[in-house]
Amino acid sequence: MPFHFSNYNSRNSLRWLTFVLSLFLVLFCIDLLNSFIIRVLEIEIERFSFLNLNLTIFTFIMIFFGINQNAIYKVQNNNSNLILPENSELQVVKHVRNGVPEQQITELNEIILKYLGQSKPWLNPDYSLQMMADDLKISRQKLSEVINQGQKKNFYKLINEFRIREVKSKLNNPAFGHYTVLGIGLESGFNSKTSFNRIFKEETGLTPSEYRKTI
């Protein structure tokens with residue numbers, strides 16, 4: 001997951017599904033035990049259907065968490081200024097088992113960097129590897145391989161490097177002097193203060209606020 005999303009967080013995780021299934025199992029066992037006591041042991045207790053409650057809770061939780069999954073309901077991107085023509089030799093139809101040829105990696109790498117620099121799709125906080133693949137008409141698997149081989153880094157790191165450059169550029173621009181540091185980070189594609197501060201410090205060794213003081 002972290003390699004496919006430029007802003008990886010708990011929304012991209014499926015840990016919630018483990019929680020929901022565990023809760024469903026617990027309530028199901030309670031209902032089963034309740035039925036056993038009444039029908040087998042013939043002990044009169046107040047009847048309450050945990051199964052109905054179980055199904056209701058399960059349904060609502062599945063809906064709530066499901067619609068918040070970026071991987072399922074991704075934001076579509078209109079940044080498709082640079083796409084490969086249908087008859088281009090660089091267009092990927094099937095994954096090459098033996099890897100992408102070195103020359104093709106170089107050519108595709110240049111296309112990717114030009115696309116990211118001109119269209120700036122990474123300004124979208126939910127930008128993902130699949131969205132880039134859709135824009136460039138390249139399979140996600142091959143795109144990932146080209147980035148890994150051509151840039152010696154994964155998609156997550158590549159996209160956030162562009163965001164950091166954008167942040168630095170704006171921090172050094174007097175026109176953005178009235179912006180807060182966080183405001184600049186959000187304008188540059190980061191989706192939260194926590195991820196912005198963490199990623200910026202990983203890349204520069206300084207927090208955004210500390211960097212601004214050095215300007």
# chains A, B, ... in the order shown; residues from 1 in each chain; ligands from 1
>>> residues_around(residues="range 184-187 of chain A", least_positions_apart="2", cutoff="9 Å", atoms="only C-alpha atoms", output="PDB file with C-alpha atoms, in the first residue's frame")
ATOM      1  CA  LEU A 123      -1.088  18.622  -6.042  1.00  0.00           C
ATOM      2  CA  PRO A 125      -3.462  14.785  -1.990  1.00  0.00           C
ATOM      3  CA  ARG A 163       5.869  18.292  -3.233  1.00  0.00           C
ATOM      4  CA  ILE A 164       8.840  19.245  -1.091  1.00  0.00           C
ATOM      5  CA  GLU A 166       7.029  23.013  -4.383  1.00  0.00           C
ATOM      6  CA  VAL A 167       6.936  23.838  -0.674  1.00  0.00           C
ATOM      7  CA  LYS A 170       6.657  28.833  -2.157  1.00  0.00           C
ATOM      8  CA  LEU A 171       8.457  29.417   1.134  1.00  0.00           C
ATOM      9  CA  PHE A 176       3.334  33.425  -0.253  1.00  0.00           C
ATOM     10  CA  TYR A 179       0.619  31.927   4.083  1.00  0.00           C
ATOM     11  CA  THR A 180       1.175  29.735   7.111  1.00  0.00           C
ATOM     12  CA  VAL A 181       3.665  26.908   6.732  1.00  0.00           C
ATOM     13  CA  LEU A 182       0.847  24.366   6.974  1.00  0.00           C
ATOM     14  CA  GLY A 189      -0.375  18.332  -2.128  1.00  0.00           C
ATOM     15  CA  PHE A 190       0.056  17.139   1.454  1.00  0.00           C
ATOM     16  CA  ASN A 191      -3.131  16.032   3.158  1.00  0.00           C
ATOM     17  CA  SER A 192      -2.328  16.610   6.841  1.00  0.00           C
ATOM     18  CA  LYS A 193       0.011  18.458   9.178  1.00  0.00           C
ATOM     19  CA  PHE A 196       3.679  17.115   5.911  1.00  0.00           C
ATOM     20  CA  ASN A 197       6.022  17.621   8.877  1.00  0.00           C
ATOM     21  CA  PRO A 208       8.958  23.163   7.713  1.00  0.00           C
TER      22      PRO A 208
END
>>> residues_around(residues="Thr207 in chain A", least_positions_apart="5", cutoff="8 Å", atoms="only C-alpha atoms", output="ChimeraX atom specification")
/A:197-198,200-201
>>> write_last_selection(atoms="C-alpha atoms", output="short mmCIF file (atom, residue, chain, number, x, y, z; two decimals), in the first residue's frame")
data_model
loop_
_atom_site.label_atom_id
_atom_site.label_comp_id
_atom_site.auth_asym_id
_atom_site.auth_seq_id
_atom_site.Cartn_x
_atom_site.Cartn_y
_atom_site.Cartn_z
CA ASN A 197 6.02 17.62 8.88
CA ARG A 198 7.22 14.02 8.85
CA PHE A 200 9.54 17.29 4.99
CA LYS A 201 11.92 16.44 7.83
#
>>> residues_around(residues="range 137-151 of chain A", least_positions_apart="2", cutoff="6 Å", atoms="only C-alpha atoms", output="PyMOL selection string")
chain A and resi 91-92+105+109+130+133-135+153-154
>>> closest_residue(among="A:Ile57, A:Ser195, A:Ser209, A:Tyr156", to="Phe28 in chain A", atoms="only C-alpha atoms")
A:Ile57
>>> closest_residue(among="A:Leu129, A:Ile159, A:Ile38, A:Leu136", to="Ile111 in chain A", atoms="only C-alpha atoms")
A:Leu136
